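Everything below concerns the one structure shown next.
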Amino acid sequence: MIEAQTKISQELEKVTVKILIRLKDVEGHDSFICKGSGFLIAPADDSGSYVLTAHHCIKDHSVDDIWVKIRFKGNFRAVFDPKKSVEGCDIAVLKILKHRPERYLPLGPIAEKIHDREVIATGYPDGEWREYSGKVFAIDKNNHQIETDAVKKPGQSGGPVYHCATRRIIALAKGGFKPYFDRDVTCVGLATSFDDLFEVWSDLRELNVAIAKSWDQLVQFSETPSQLVYLAEVTSKLEDCREEIKEFLEQQSRINKLNLRILPDDTCPYAKVDFTECRLFVQLLDDETGNGYPQLQYDRAEAANRRPIILQWRDPDLELETVPDADSHRKLLDNSMAVIIEDFKKEIVCLKK
């Protein structure tokens, strides 16, 4: 479940955008200020994408000065679409060109069952990326909005509110902060639902069905227990070779619909790896001892209560006589496969279902 939550957070980060207003100084140079948040909602018909944001974030600015900043991708000029927008609900639809993310996040309805359930709200309060968890404290059916403590600060306006149980974006943050007298919560914010947006934007329901299908497949895959593969860290000479094997493992994971997790990674460095949980140990070796680190990694895998499958490789052109017989590293090399790298890939048979 932790891995699924991490994946959801990563996808929210990719599609949550910063709403920028372009300013010009006296010399005509451009600068940008953050006016709020938004998120990529659906593909446009010309290799672009639609973005939702809060209408109040853009209403007082020239349509020529509205831009969107996508994390890790840069700034994109945005075009306001008044026919799809719902000003009365504080929803604005923008269109950007020449960018489509790997996926979009599906919209969902506000229903009674969401009350007191966990939600995640993302955005750019103070111009910085943030993710907040909270609950839905009240549902206002007449005004198509909810109150949640996940909407905390100015700058979140326009950002998505993701409902964890239904796996849908159920609302768009709109501010409206007010005190909330609870033991653990002191303030809640408002977020508007998408009921009126679906009425105004006739094609959105059909788009959302396809987006929801893709998203549900991703979440289901993320919730499947990972098959752990330890790809041993290597000396500098073998870094490129290790990266090639890593890409191969990731490719096999996609092709065979496996949920492989390759260790070590950012959240699980070598010192935290439990080799008992690993299904496969892959090690690439050369004539460098690496101060005993290759041997240390191998020993931990070998000593695991439930030993993983161990596959070791060395270059067939490596001259073993250059390594002393008494050296423990020589033993690692003696037991490794001396084949070309493409043949070694074929030996990774445990990736099949």
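Each chain in the structure tokens gets a letter, A, B, ..., in the order shown, and its residues are numbered from 1; ligands are numbered from 1 in order too.
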Contacts of Arg100 in chain A at 8 Å or less, counting only C-alpha atoms, minus same-chain residues fewer than 4 places along, as a tab-separated table (two decimals) with N, CA and C atoms, in the first residue's frame?
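Final file, around_27.tsv:
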```tsv
chain	number	residue	atom	x	y	z
A	43	PRO	N	-6.36	15.31	-22.66
A	43	PRO	CA	-5.65	15.68	-23.89
A	43	PRO	C	-6.50	16.57	-24.78
A	47	SER	N	-2.25	17.64	-29.94
A	47	SER	CA	-1.04	17.26	-29.19
A	47	SER	C	-0.82	18.13	-27.96
A	48	GLY	N	-1.82	18.87	-27.56
A	48	GLY	CA	-1.75	19.67	-26.35
A	48	GLY	C	-2.55	19.06	-25.22
A	49	SER	N	-2.79	19.85	-24.18
A	49	SER	CA	-3.52	19.37	-23.00
A	49	SER	C	-4.40	20.48	-22.43
```
May I have the residues within 10 Å of Val188 in chain A as a ChimeraX atom specification, using only C-alpha atoms and disregarding those fewer than 4 positions away in the same chain?
-> /A:134-138,146-153,175-181
Provide the CA of Glu243 in chain A to CA of Pro324 in chain A distance in Å, to one decimal place.
->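 Separation between CA of Glu243 in chain A and CA of Pro324 in chain A: 28.7 Å.
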Which of range 53-235 of chain A counts as strand (DSSP E or B) under DSSP, as a PyMOL selection string please?
-> chain A and resi 53-54+66-70+74-80+86+91-96+107+118-123+130-140+145-148+160-163+168-179+187-192+227-231
Contacts of range 278-287 of chain A at 7 Å (only C-alpha atoms; same-chain gap of 2+ positions) as number ranges by chain | A: 227-232, 234, 275-276, 289, 308-314, 323, 333
Show which residues sit within 10 Å of Val119 in chain A, as a PDB file with C-alpha atoms, in the first residue's frame. Count only C-alpha atoms, and ignore same-chain residues fewer than 2 positions away.
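Writing done, so here's selection.pdb:
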```
ATOM      1  CA  ILE A 114     -16.583  10.684   0.839  1.00  0.00           C
ATOM      2  CA  ASP A 116     -14.674  11.908   6.761  1.00  0.00           C
ATOM      3  CA  ARG A 117     -12.532  10.025   4.231  1.00  0.00           C
ATOM      4  CA  ALA A 121      -4.498  18.106  -2.026  1.00  0.00           C
ATOM      5  CA  TYR A 132      -1.218  17.860   2.099  1.00  0.00           C
ATOM      6  CA  SER A 133      -3.321  15.034   3.520  1.00  0.00           C
ATOM      7  CA  GLY A 134      -6.602  15.608   5.271  1.00  0.00           C
ATOM      8  CA  LYS A 135     -10.286  14.683   5.444  1.00  0.00           C
ATOM      9  CA  VAL A 136     -13.585  15.913   4.092  1.00  0.00           C
ATOM     10  CA  THR A 148     -11.422  19.961   3.863  1.00  0.00           C
ATOM     11  CA  ASP A 149      -8.358  20.567   5.994  1.00  0.00           C
ATOM     12  CA  ALA A 150      -6.166  19.416   3.083  1.00  0.00           C
ATOM     13  CA  VAL A 151      -6.700  22.844   1.503  1.00  0.00           C
ATOM     14  CA  PRO A 160      -6.619  19.011  -7.291  1.00  0.00           C
ATOM     15  CA  VAL A 161      -8.212  17.280  -4.305  1.00  0.00           C
ATOM     16  CA  TYR A 162      -7.712  13.523  -4.683  1.00  0.00           C
ATOM     17  CA  HIS A 163     -10.036  11.155  -2.840  1.00  0.00           C
ATOM     18  CA  CYS A 164      -8.019   8.078  -1.860  1.00  0.00           C
ATOM     19  CA  ALA A 165     -10.887   5.586  -1.496  1.00  0.00           C
ATOM     20  CA  THR A 166     -12.544   6.253  -4.867  1.00  0.00           C
ATOM     21  CA  ARG A 167      -9.211   7.036  -6.636  1.00  0.00           C
ATOM     22  CA  ARG A 168     -10.647  10.171  -8.197  1.00  0.00           C
ATOM     23  CA  ILE A 169     -10.114  13.921  -8.205  1.00  0.00           C
ATOM     24  CA  ILE A 170     -13.332  15.018  -6.534  1.00  0.00           C
TER      25      ILE A 170
END
```
Would you mind writing down, as a PyMOL selection string, each residue of range 242-300 of chain A that DSSP on the backbone assigns to helix (DSSP H, G or I)?
-> chain A and resi 242-255+270-272+275-277+290-300
File dump, residues just selected, N, CA and C atoms, as a compact mmCIF listing (two decimals), in the first residue's frame:
```
# COMPACT_ATOMS: atom_id res chain seq x y z
N ARG A 242 25.71 -1.71 -15.89
CA ARG A 242 24.65 -1.88 -14.89
C ARG A 242 23.38 -1.15 -15.33
N GLU A 243 23.53 0.05 -15.89
CA GLU A 243 22.38 0.81 -16.36
C GLU A 243 21.67 0.06 -17.49
N GLU A 244 22.43 -0.60 -18.34
CA GLU A 244 21.84 -1.40 -19.42
C GLU A 244 21.00 -2.55 -18.87
N ILE A 245 21.53 -3.22 -17.86
CA ILE A 245 20.78 -4.32 -17.24
C ILE A 245 19.54 -3.79 -16.53
N LYS A 246 19.67 -2.65 -15.88
CA LYS A 246 18.51 -2.05 -15.20
C LYS A 246 17.40 -1.73 -16.19
N GLU A 247 17.76 -1.14 -17.32
CA GLU A 247 16.77 -0.83 -18.36
C GLU A 247 16.12 -2.10 -18.90
N PHE A 248 16.93 -3.16 -19.02
CA PHE A 248 16.39 -4.44 -19.48
C PHE A 248 15.37 -4.99 -18.49
N LEU A 249 15.68 -4.93 -17.20
CA LEU A 249 14.75 -5.41 -16.18
C LEU A 249 13.45 -4.62 -16.20
N GLU A 250 13.56 -3.31 -16.33
CA GLU A 250 12.36 -2.46 -16.38
C GLU A 250 11.53 -2.78 -17.61
N GLN A 251 12.20 -3.05 -18.73
CA GLN A 251 11.49 -3.41 -19.96
C GLN A 251 10.74 -4.73 -19.77
N GLN A 252 11.40 -5.72 -19.17
CA GLN A 252 10.74 -7.00 -18.92
C GLN A 252 9.55 -6.85 -17.98
N SER A 253 9.67 -5.94 -17.03
CA SER A 253 8.57 -5.68 -16.10
C SER A 253 7.35 -5.18 -16.85
N ARG A 254 7.57 -4.27 -17.81
CA ARG A 254 6.45 -3.73 -18.58
C ARG A 254 5.87 -4.77 -19.52
N ILE A 255 6.73 -5.47 -20.24
CA ILE A 255 6.27 -6.43 -21.24
C ILE A 255 5.48 -7.57 -20.60
N TYR A 270 21.27 0.42 0.13
CA TYR A 270 21.86 -0.90 0.40
C TYR A 270 21.73 -1.32 1.87
N ALA A 271 22.00 -0.39 2.77
CA ALA A 271 22.01 -0.74 4.20
C ALA A 271 20.64 -1.20 4.70
N LYS A 272 19.57 -0.82 4.02
CA LYS A 272 18.21 -1.17 4.47
C LYS A 272 17.62 -2.36 3.73
N PHE A 275 17.54 -8.88 2.11
CA PHE A 275 17.77 -9.81 1.01
C PHE A 275 16.84 -11.03 1.07
N THR A 276 16.25 -11.30 2.24
CA THR A 276 15.29 -12.39 2.34
C THR A 276 14.08 -12.13 1.46
N GLU A 277 13.75 -10.86 1.26
CA GLU A 277 12.58 -10.50 0.46
C GLU A 277 12.88 -10.41 -1.03
N GLY A 290 36.92 -3.23 -5.55
CA GLY A 290 36.00 -2.26 -4.97
C GLY A 290 36.05 -2.21 -3.46
N ASN A 291 37.27 -2.38 -2.90
CA ASN A 291 37.45 -2.38 -1.44
C ASN A 291 36.55 -3.40 -0.74
N GLY A 292 36.30 -4.50 -1.43
CA GLY A 292 35.53 -5.57 -0.82
C GLY A 292 34.02 -5.40 -0.90
N TYR A 293 33.53 -4.31 -1.51
CA TYR A 293 32.09 -4.06 -1.55
C TYR A 293 31.34 -5.11 -2.38
N PRO A 294 31.86 -5.53 -3.55
CA PRO A 294 31.17 -6.62 -4.27
C PRO A 294 31.02 -7.87 -3.42
N GLN A 295 32.08 -8.22 -2.69
CA GLN A 295 32.03 -9.41 -1.83
C GLN A 295 31.01 -9.23 -0.71
N LEU A 296 30.96 -8.04 -0.13
CA LEU A 296 30.03 -7.77 0.97
C LEU A 296 28.58 -7.93 0.52
N GLN A 297 28.27 -7.39 -0.67
CA GLN A 297 26.90 -7.50 -1.19
C GLN A 297 26.55 -8.97 -1.43
N TYR A 298 27.48 -9.70 -2.02
CA TYR A 298 27.24 -11.13 -2.29
C TYR A 298 27.04 -11.91 -0.99
N ASP A 299 27.87 -11.65 0.00
CA ASP A 299 27.78 -12.38 1.27
C ASP A 299 26.42 -12.16 1.94
N ARG A 300 25.90 -10.95 1.86
CA ARG A 300 24.60 -10.68 2.48
C ARG A 300 23.48 -11.44 1.77
```
Pick the closest to Asp45 in chain A from A:Lys24, A:Lys95, A:Lys346, A:Lys141: which is it, counting only C-alpha atoms?
-> A:Lys95
Pick the closest to Leu258 in chain A from A:Tyr124, A:Phe72, A:Ser226, A:Ser9: which is it, counting only C-alpha atoms?
->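 For Leu258 in chain A, the nearest of the given residues is A:Ser226.
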Residues at most 10 Å from range 78-82 of chain A, counting only C-alpha atoms, excluding those fewer than 5 positions away in the same chain, as a ChimeraX atom specification?
-> /A:19-20,49-51,55,58-59,62-69,87,91-97
Now that the selection is made, can you save its residues with C-alpha atoms as a PDB file, in the first residue's frame?
```pdb
ATOM      1  CA  ILE A  19      -0.265  29.154 -12.759  1.00  0.00           C
ATOM      2  CA  LEU A  20       1.943  32.062 -13.792  1.00  0.00           C
ATOM      3  CA  SER A  49      -3.519  19.372 -23.004  1.00  0.00           C
ATOM      4  CA  TYR A  50      -6.296  20.982 -21.006  1.00  0.00           C
ATOM      5  CA  VAL A  51      -5.591  22.429 -17.581  1.00  0.00           C
ATOM      6  CA  HIS A  55     -11.057  31.209 -12.215  1.00  0.00           C
ATOM      7  CA  ILE A  58      -6.610  34.441 -13.852  1.00  0.00           C
ATOM      8  CA  LYS A  59      -9.685  36.664 -14.116  1.00  0.00           C
ATOM      9  CA  SER A  62      -4.775  39.640 -19.940  1.00  0.00           C
ATOM     10  CA  VAL A  63      -5.243  36.379 -21.828  1.00  0.00           C
ATOM     11  CA  ASP A  64      -1.817  36.965 -23.399  1.00  0.00           C
ATOM     12  CA  ASP A  65      -0.112  36.865 -20.006  1.00  0.00           C
ATOM     13  CA  ILE A  66      -1.380  33.528 -18.664  1.00  0.00           C
ATOM     14  CA  TRP A  67       1.257  30.786 -18.525  1.00  0.00           C
ATOM     15  CA  VAL A  68       1.535  27.353 -16.958  1.00  0.00           C
ATOM     16  CA  LYS A  69       4.672  25.886 -15.412  1.00  0.00           C
ATOM     17  CA  GLU A  87     -16.965  31.103 -13.637  1.00  0.00           C
ATOM     18  CA  ILE A  91     -13.449  26.826 -12.547  1.00  0.00           C
ATOM     19  CA  ALA A  92     -11.353  27.957 -15.498  1.00  0.00           C
ATOM     20  CA  VAL A  93     -10.253  25.749 -18.386  1.00  0.00           C
ATOM     21  CA  LEU A  94      -6.921  26.524 -20.033  1.00  0.00           C
ATOM     22  CA  LYS A  95      -5.316  24.922 -23.052  1.00  0.00           C
ATOM     23  CA  ILE A  96      -1.593  24.466 -23.588  1.00  0.00           C
ATOM     24  CA  LEU A  97       0.137  23.273 -26.747  1.00  0.00           C
TER      25      LEU A  97
END
```
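Across the structure, CA of Ile120 in chain A and CA of Thr6 in chain A are spaced 12.0 Å apart.
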Determine, counting only C-alpha atoms, which protein, DNA and RNA residues have an atom within 8 Å of an atom of Asp196 in chain A; residues of the same chain fewer than 3 positions away are not included. Present the result as number ranges by chain.
-> A: 86, 89, 193, 199-200
Go ahead and write the selection's residues with C-alpha atoms as a PDB file, in the first residue's frame.
```
ATOM      1  CA  VAL A  86     -17.651  27.714 -15.207  1.00  0.00           C
ATOM      2  CA  CYS A  89     -18.095  27.681  -9.656  1.00  0.00           C
ATOM      3  CA  SER A 193     -16.954  19.881  -7.421  1.00  0.00           C
ATOM      4  CA  GLU A 199     -22.724  19.939 -17.922  1.00  0.00           C
ATOM      5  CA  VAL A 200     -20.910  22.746 -19.734  1.00  0.00           C
TER       6      VAL A 200
END
```
Restricting to only C-alpha atoms, whichever of A:Asp317, A:Glu302, A:Glu13, A:Asp90 is closest to Lys174 in chain A is A:Asp90
Looking at only C-alpha atoms, which of A:Leu197, A:Leu107, A:Cys34, A:Leu23 is the one that sits closest to Gly88 in chain A?
->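 Closest candidate: A:Leu197.
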Nearest to Phe76 in chain A among A:Val17, A:Pro106, A:Arg205, A:Pro125, with distances taken over only C-alpha atoms: which residue is it?
-> A:Val17
Of the listed residues A:Ile341, A:Ala44, A:Ile348, A:Leu190, that which approaches Cys241 in chain A most closely, counting only C-alpha atoms | A:Ile341
Near-Gly123 in chain A list (8 Å; only C-alpha atoms; drop same-chain fewer than 2 positions) as a list in words = Thr16, Val17, Lys18, Gly36, Ser37, Gly38, Ala121, Pro125, Glu128, Trp129, Arg130, Glu131, Gly155, Gln156, Ser157, Gly158, Gly159 and Pro160 of chain A
Write a file of the just-selected residues containing C-alpha atoms, as a PDB file, in the first residue's frame.
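out_17.pdb was written with the following content:
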```
ATOM      1  CA  THR A  16      -0.138  19.559 -10.769  1.00  0.00           C
ATOM      2  CA  VAL A  17       0.996  22.813 -12.361  1.00  0.00           C
ATOM      3  CA  LYS A  18       1.857  26.332 -11.319  1.00  0.00           C
ATOM      4  CA  GLY A  36      -2.073  29.750  -7.977  1.00  0.00           C
ATOM      5  CA  SER A  37      -2.183  26.099  -8.969  1.00  0.00           C
ATOM      6  CA  GLY A  38      -3.850  23.903 -11.551  1.00  0.00           C
ATOM      7  CA  ALA A 121      -4.498  18.106  -2.026  1.00  0.00           C
ATOM      8  CA  PRO A 125       1.333  27.657  -1.822  1.00  0.00           C
ATOM      9  CA  GLU A 128       6.521  25.956  -3.759  1.00  0.00           C
ATOM     10  CA  TRP A 129       5.295  22.412  -4.445  1.00  0.00           C
ATOM     11  CA  ARG A 130       3.363  20.934  -1.525  1.00  0.00           C
ATOM     12  CA  GLU A 131       1.218  17.903  -0.813  1.00  0.00           C
ATOM     13  CA  GLY A 155      -1.612  29.472  -3.622  1.00  0.00           C
ATOM     14  CA  GLN A 156      -3.321  26.076  -3.505  1.00  0.00           C
ATOM     15  CA  SER A 157      -6.309  27.534  -5.339  1.00  0.00           C
ATOM     16  CA  GLY A 158      -6.878  25.631  -8.564  1.00  0.00           C
ATOM     17  CA  GLY A 159      -5.064  22.512  -7.383  1.00  0.00           C
ATOM     18  CA  PRO A 160      -6.619  19.011  -7.291  1.00  0.00           C
TER      19      PRO A 160
END
```
Between CA of Ile262 in chain A and CA of Ala301 in chain A, measure the distance and give it in Å to one decimal.
->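 Interatomic distance here is 14.7 Å.
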